[in-house]
Each structure stands twice: as C-alpha cells, then as structure tokens.
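Below is one structure, written out as structure tokens; the observations come after it.
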Amino acid sequence: MAKAFFRLQKFLRRTQFLLFFLTAAYLMAGSLLLLQRTRLVIQQGSRGTPANQALPVLDEMTRAGIIDPRTLQSPRPGPRLLVGMDELQEPALDQRHSPHWLLSRNSELRQLRRRWFHRFTSDQEPLQTAGLKAMKHTAEHKGTYMGCFTHDSRERTLKGAVFYDLRKMTVAHCQEACAERAYSYAGLAYGAECYCGNTLPAAVSKPEECNSECKGEKGSVCGGVNRLSVYRVEELRAGARRRRNVIYRGCFRAPENLTDTFPASLIQPNLTVEMCSEFCSKKEFPLAVMRGQECYCGYPTGRFPLRDGTDGLRCSGTHNASSAAQGKYCLVYQTPVQDTRCTDRKFLSTKSKVFVALSSFPGAGNTWARHLIEHATGYYTGSYYFDGALYNKGFKGEKDHWRSRRTICVKTHESGKTEIEMFDSAILLIRNPYKSLMAEFNRKYAGHLGYANDRNWKSKEWPDFVNSYASWWASHVLEWLKYGKRLLIVHYEDLKQSLIPKLKEMVEFLNVTVTEDRLLCVENNRDGNFKRSGAKQKNFEPFTQEMKDLINRYILTVDEALRGRNFSGLPREYVPR
C-alpha cells in the first residue's frame, strides 16, 4: 500500500512540474505573438482592423481625392433652422450643429497618437551614412549638389520662397519650385522643407550632418536638423513647369525719391520688362518698377503701397527717355520672387490667456483667413480638426492640440452651445451662402483647390447637399450670435475687397501689433497657395428656384438677427436674387 501511494505521489509531482512548464511555455508564446502583432501594426499602419487604422494612409487617400478627412467622422444629424431668435431651442450637451462628417475628438486623438508613434519609430532608423547617400544620388537630379550647409530658421541663409510638403517632398520637386520662381539655389531641410535663394550659404557643415531622408523619395537626402542640402538650380527638365510669368500690377504715380524708396536700381538703354524683371529677380525682390530707362527693385511700402493705381494711358510712354525725364508715373510688375517679409511663423512662447475661435461655415474662406492671420501676426493658427493636407502645406498648427493655447486662434465649424462657450471670443467669418455652398461642394468632391465636375453638379447629391447644408449655414451664425461671448463679425466679401483695413481689425481683435510693411507683404501674398486651380466650371446656374426660395429665407433671418445684435447686416449682394 505504501509503495503504491509513493508512486502516486511521484506521478503527481511530475504532473505538477509538467503543468508549470506548459503554463510558462504558453505565456512565453503569447508574449512573442503579441510583440509580433504590435510590430506588424507599426509597420503596416492601416492594414488591420478599423480601430487600428493609421493616418498616413488616410492622408494619402485624402490627397488623392479618394476620401475627404471629414467623411471619416461619426454621423450626426444636421440642424434644422428655427425661424426667429426667440424660437431657437437650446441643444443637448452632446448635440453638435454640424453635418454627420465631423469627427469625434477622442477618435481623432487616438489616430493622431498612432501616427506620431508610427513616425517616431520610423525616424529611429540609423542615418549615419545618409550624408554619403546625398553624393551618391546627386546624379539622379538635374541640379548640381553644392554641399551641406548650416540652417537657422530664424535668420535664414536662403531668404527666398519657402515650401513645405511633409508627405511627398523630393529633391526634384524643390528644385522645380525654386526654378519656377527664378531662384538660383534650392535647399532642403528636415526631410520636408524647401528653401530658395540666390546667394549660397556661407557656413559649410560636414556632409554626414545632412542625414534626413526625403519624405517623398527613399534613399535621397533632404538636409537635416538645422542643416540644408543645397543644389544649384539649372534649366528645368523637358516637360517640367516653366518659370512663372511676370504679372503687370499697373500704372502708379512715382514716389518723390525713387532711390530712397527702392534698394536696388539699374539704368539700361532700351530697357525691356524682361530685363528689369530678370534683374530684380536676381536681387530677390518681388517688384520691378520701370520709368523710362530706369529699373528699380523693391517691396510695397508705406511710401509706395500700390493701392491707388492711375489711368494706364499715363504710362503709355514710360519706355521713352522723355517720359523718364518727367518722372511722374511708373510701370509696376510682380516678379516670380516671393515677398518673404511676412513668411516667418512660430507658436506662441507662452500660453494665450484668451482662447479665440476662428469660426465659419465650411466653404466660407476659413483656410484663406488663416493664411492671412498667420502671415500678418507671425503666429500659427490651430484647428479643432486635423487636416493632413493643410498640415503638409505648412499649417503646422493643425498637428497641435486645439486646446494647447499655443496658437493665435483656432479654426472651428462647430455651432453647438457647449463648443461655442469653450471660447472666450471669436472671429465669425460669414460668406454669401450661395458662394459658400458651391465652395464646400467643390471641396467635397475635388479637394481644397479643385472644382467638382459636371457629373457631380447634375447628380442627385447636389439637391440633397443644398437642403441639408443651407439650414446649417443659417443656424451656424444664429448659434454663435446667441452663445458667443465676444464676437468680431467679418464678411468674406469685405475682407476680399478691403484687405488691409479688415485685416487690421482682425489683428487688433487678436491683440497683436503688426507693422504696416508686414500688412503690405500679406497683401502682396494675399492668395497664398489656396486659390482654386484647374478647369473652372462654366457659367451656369446650379440653384433651382426652389433652392433659391429656401436659401433666401435663411438670408433674411440671419440679416435680421445680426441687426438685432447691433451688428451691420449682411452685404447687399446677399440680398435674395
């Protein structure tokens, strides 16, 4: 009996050890599997389940026009307009007066964190040999590689135009952009930033310090941290874009002393527009001013603001020496060179005490207004949403958390009570609803700078779009009038027509002091990169009479509400057609 008991005890001990071993092996296998799955998620981004989708793929789809960032957002019913301010119902705390495509912040932040983590892990790959790669890959590009140079973003060595593309920057793309604007050198930094200029930087760095891989071209080097990979821009490749045309700005009365007003000048017999423009482009000035045989280069300034043009007939003889002797009028041309006096931007050094919104209905020119505000104040603007296409083009505030208070103001299309009351004050940008609806429909189907095609306009989605969005245009204004604490009303049409006075109002509202020359620089760069291009739709009337009757009722309601709050009413061009 004792012998049998001993055998049983021995067997149980072995079984216990075996169970312990199997349990440990199971846990180790599970850990290895988990690590492998994590690695795959990091490498493949959005190939997993919807909860693990990564934003880089979404950005690519957005840029390709396959989807719009806002279409990713959870469905919410659009508001229905209640005629009359007294009848407006107070929405529930979780209700947002927006269409169904506005994304929830929690989901957005989760996706953003994944993207940051993905970029962080991908940036850890060793690039010590990247400086040598720059020399290796130079032959693939048309320009001559000049070397690696020191770069200071506050005191730039290449002082010309600046371009950003944080997804698809390549050496060739930077060279072509600089050549198109008549610059001699193209420099790349941080893998995604392109700088142009006509003077080679003085401070040379070690080749291995240019070690940032181009975001859009594996194996090629686009500078480094505070380092520029500089190329001499040569003739554009066959089929590439040609240099931008010189733009005629008008005939203006010449200032009293041209040599004091303009820092560079040239006297040339038989002077032509091309000769003067080429001279001023090489000197990196955006204006070429001609008076007879005299050519002057400079910027718009308080002495020469380019606001009051005169009759072009008065400049009809300015190429003659006799008219130069009279010296009363001059011809002004815009060179391909960018006015860079207002292109430097940064985040606020300390958190803003006043939380300011830049609120508008979609399609009302919010992106353009942000461009103007950033260049006028020198500070980035933030966004309640995240638009990768805008971030890639230089709106770095897109990636900053909207409540960080490091930006001068925050873009929003929200119109719910809770969302409005979060802000201490707001610039409320209003645009003609007819124009806004068409602009937003274009953006929805062709991106920020494109146009919807005829098939889109003739589809059943256009009437549905008008029926749902027209009411939102009105309720957006009415809700901000009701719940906004401190408002500055800006009409898009007034801003477009009287840029400097209206921009001054906006800058003062933001409590920022700017110089007259900086505002003139903004005016000189007023369109930025946000003017729609491509095949513009032909002159046609997309609105049926039924649509017009609906929109006109909303116009009258909003006009009455504005006047009831002692604001000026809507511009006359909004008046029902």
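A note on labels: chains of the structure tokens are A, B, ... as shown, every chain counts residues from 1, and ligands are counted from 1 in their shown order.
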
Apply DSSP to the backbone of this structure and, from region 376-574 of chain A, keep only the residues in strand (DSSP E or B); write these as a list in words.
->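 Here is the list: Tyr379, Gly382, Ser383, Val410, Lys411, Thr412, Ser425, Ala426, Ile427, Leu428, Leu429, Ile430, Leu487, Leu488, Ile489, Val490 and His491 of chain A.
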
Any idea what the distance is between CA of Lys168 (chain A) and CA of Ile247 (chain A)?
->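 Straight-line distance from CA of Lys168 (chain A) to CA of Ile247 (chain A) works out to 29.2 Å.
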
Contacts of Met146 (chain A) at 9 Å (only C-alpha atoms; same-chain gap of 5+ positions) as a PyMOL selection string = chain A and resi 200+229-232

Contacts of Tyr380 (chain A) within 9 Å, only C-alpha atoms, excl. fewer than 3 positions in-chain, as number ranges by chain | A: 345-348, 370, 373-375, 377, 395-398, 406-409

Identify, on the basis of only C-alpha atoms, every residue whose closest approach to Cys276 (chain A) does not exceed 12 Å; exclude the query and any residue fewer than 3 positions from it along the same chain; express the result as a PyMOL selection string.
-> chain A and resi 246+264-273+279-283+285-298+319+331-335

Using N, CA and C atoms, can you export the residues from the last selection as a compact mmCIF listing (two decimals), in the first residue's frame?
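Result file is part00.txt:
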# COMPACT_ATOMS: atom_id res chain seq x y z
N VAL A 246 5.75 87.12 -65.43
CA VAL A 246 5.77 88.40 -64.73
C VAL A 246 4.35 88.99 -64.82
N ALA A 264 17.40 98.75 -54.86
CA ALA A 264 18.27 98.36 -55.98
C ALA A 264 17.77 99.04 -57.25
N SER A 265 18.69 99.38 -58.13
CA SER A 265 18.29 100.08 -59.36
C SER A 265 19.26 99.76 -60.48
N LEU A 266 18.80 100.02 -61.71
CA LEU A 266 19.59 99.76 -62.90
C LEU A 266 19.19 100.77 -63.97
N ILE A 267 20.14 101.32 -64.66
CA ILE A 267 19.87 102.18 -65.82
C ILE A 267 20.39 101.45 -67.06
N GLN A 268 19.51 101.21 -67.98
CA GLN A 268 19.86 100.39 -69.14
C GLN A 268 19.19 100.96 -70.39
N PRO A 269 19.98 101.29 -71.41
CA PRO A 269 19.36 101.72 -72.68
C PRO A 269 18.49 100.60 -73.25
N ASN A 270 17.42 100.98 -73.90
CA ASN A 270 16.49 100.01 -74.50
C ASN A 270 16.00 98.98 -73.46
N LEU A 271 15.69 99.48 -72.29
CA LEU A 271 15.25 98.61 -71.20
C LEU A 271 13.92 97.94 -71.56
N THR A 272 13.81 96.64 -71.28
CA THR A 272 12.57 95.90 -71.50
C THR A 272 12.05 95.35 -70.18
N VAL A 273 10.80 94.92 -70.20
CA VAL A 273 10.20 94.33 -69.00
C VAL A 273 10.98 93.09 -68.57
N PHE A 279 16.59 91.27 -63.64
CA PHE A 279 17.50 91.95 -62.71
C PHE A 279 16.95 91.92 -61.29
N CYS A 280 15.67 92.25 -61.13
CA CYS A 280 15.07 92.29 -59.79
C CYS A 280 14.91 90.89 -59.20
N SER A 281 14.66 89.89 -60.05
CA SER A 281 14.56 88.51 -59.57
C SER A 281 15.89 88.04 -59.00
N LYS A 282 16.99 88.38 -59.68
CA LYS A 282 18.31 88.00 -59.19
C LYS A 282 18.63 88.68 -57.87
N LYS A 283 18.07 89.88 -57.67
CA LYS A 283 18.28 90.60 -56.41
C LYS A 283 17.28 90.17 -55.33
N PHE A 285 13.87 90.50 -55.22
CA PHE A 285 12.82 91.47 -54.91
C PHE A 285 11.55 91.10 -55.68
N PRO A 286 10.38 91.27 -55.06
CA PRO A 286 9.13 90.87 -55.71
C PRO A 286 8.58 91.91 -56.68
N LEU A 287 9.07 93.16 -56.63
CA LEU A 287 8.56 94.21 -57.51
C LEU A 287 9.65 94.70 -58.45
N ALA A 288 9.27 94.87 -59.72
CA ALA A 288 10.13 95.51 -60.71
C ALA A 288 9.42 96.77 -61.19
N VAL A 289 10.04 97.93 -60.98
CA VAL A 289 9.42 99.22 -61.29
C VAL A 289 10.21 99.88 -62.42
N MET A 290 9.50 100.26 -63.49
CA MET A 290 10.14 100.83 -64.66
C MET A 290 9.69 102.27 -64.89
N ARG A 291 10.68 103.12 -65.12
CA ARG A 291 10.41 104.51 -65.53
C ARG A 291 11.41 104.86 -66.60
N GLY A 292 10.97 104.84 -67.85
CA GLY A 292 11.89 105.10 -68.96
C GLY A 292 12.97 104.05 -69.02
N GLN A 293 14.23 104.48 -68.96
CA GLN A 293 15.37 103.56 -69.00
C GLN A 293 15.81 103.14 -67.61
N GLU A 294 15.05 103.51 -66.61
CA GLU A 294 15.39 103.20 -65.23
C GLU A 294 14.59 102.00 -64.73
N CYS A 295 15.27 101.11 -64.03
CA CYS A 295 14.64 99.93 -63.41
C CYS A 295 14.93 99.95 -61.92
N TYR A 296 13.88 99.83 -61.11
CA TYR A 296 14.02 99.83 -59.65
C TYR A 296 13.41 98.55 -59.08
N CYS A 297 14.01 98.06 -58.00
CA CYS A 297 13.56 96.81 -57.37
C CYS A 297 13.25 97.06 -55.90
N GLY A 298 12.21 96.41 -55.41
CA GLY A 298 11.88 96.59 -54.00
C GLY A 298 10.62 95.88 -53.60
N HIS A 319 8.43 104.05 -71.61
CA HIS A 319 9.65 103.45 -72.13
C HIS A 319 10.52 104.50 -72.81
N LEU A 331 5.66 102.12 -64.35
CA LEU A 331 5.02 100.82 -64.53
C LEU A 331 5.53 99.86 -63.46
N VAL A 332 4.62 99.07 -62.90
CA VAL A 332 4.99 98.15 -61.82
C VAL A 332 4.65 96.72 -62.24
N TYR A 333 5.61 95.81 -62.04
CA TYR A 333 5.42 94.40 -62.36
C TYR A 333 5.76 93.54 -61.15
N GLN A 334 5.04 92.44 -61.03
CA GLN A 334 5.31 91.45 -59.98
C GLN A 334 6.26 90.41 -60.55
N THR A 335 7.43 90.25 -59.95
CA THR A 335 8.38 89.24 -60.41
C THR A 335 7.98 87.87 -59.85

7 Å contact set for Phe355 (chain A), only C-alpha atoms, chain neighbours under 4 positions out, as a list of chain:residue names |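 What passes the distance filter is A:Arg405, A:Phe423, A:Asp424, A:Ser425.
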
Keeping only N, CA, C and O atoms, write the selected residues to a file as an mmCIF file, in the first residue's frame.
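Now in selection_36.cif:
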data_model
loop_
_atom_site.group_PDB
_atom_site.id
_atom_site.type_symbol
_atom_site.label_atom_id
_atom_site.label_comp_id
_atom_site.auth_asym_id
_atom_site.auth_seq_id
_atom_site.Cartn_x
_atom_site.Cartn_y
_atom_site.Cartn_z
ATOM 1 N N ARG A 405 -3.489 76.258 -26.560
ATOM 2 C CA ARG A 405 -3.348 77.715 -26.417
ATOM 3 C C ARG A 405 -1.980 78.212 -26.877
ATOM 4 O O ARG A 405 -1.499 79.249 -26.452
ATOM 5 N N PHE A 423 -14.926 78.925 -25.888
ATOM 6 C CA PHE A 423 -14.052 80.012 -26.345
ATOM 7 C C PHE A 423 -14.392 81.317 -25.632
ATOM 8 O O PHE A 423 -15.558 81.608 -25.358
ATOM 9 N N ASP A 424 -13.347 82.105 -25.375
ATOM 10 C CA ASP A 424 -13.535 83.413 -24.726
ATOM 11 C C ASP A 424 -14.008 84.465 -25.724
ATOM 12 O O ASP A 424 -14.685 85.419 -25.340
ATOM 13 N N SER A 425 -13.624 84.320 -26.974
ATOM 14 C CA SER A 425 -14.026 85.263 -28.016
ATOM 15 C C SER A 425 -13.897 84.566 -29.359
ATOM 16 O O SER A 425 -13.337 83.465 -29.448
#

Can you pull out every residue within 10 Å of region 567-571 of chain A, counting only C-alpha atoms, but drop anything in the same chain fewer than 5 positions away, and send it as JSON, numbers by chain?
-> {"A": [430, 431, 432, 487, 488, 489, 491, 492, 493, 494, 555, 556, 558, 559, 560, 561, 562]}

Which of A:Ala172, A:Cys210, A:Phe509, A:Asn552 sits closest to Arg486 (chain A) [using only C-alpha atoms] =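 Once distances to Arg486 (chain A) are computed over only C-alpha atoms, the minimum belongs to A:Phe509.
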
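Note that CA of Ser360 (chain A) and CA of Ser475 (chain A) are 11.2 Å apart.
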
Rank A:Ala25, A:Trp473, A:Ile500, A:Asn467 by their smallest atom-to-atom distance to Asn524 (chain A), using only C-alpha atoms, and report the top residue only.
->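 The closest residue to Asn524 (chain A) is A:Ile500.
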
What is the CA of Ser415 (chain A) to CA of Asn366 (chain A) distance in Å?
-> 14.8 Å

Using only C-alpha atoms, pick whichever of A:Leu481, A:Met547, A:Leu390, A:Val162 has the shortest atom-to-atom distance to Leu449 (chain A).
->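 Result for the nearest residue to Leu449 (chain A): A:Leu390.
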
Would you give me, as a ChimeraX atom specification, the residues in region 293-531 of chain A that DSSP reads as alpha helix (DSSP H)?
-> /A:321-326,366-377,388-392,417-421,433-446,454-458,461-483,492-497,499-509,516-524
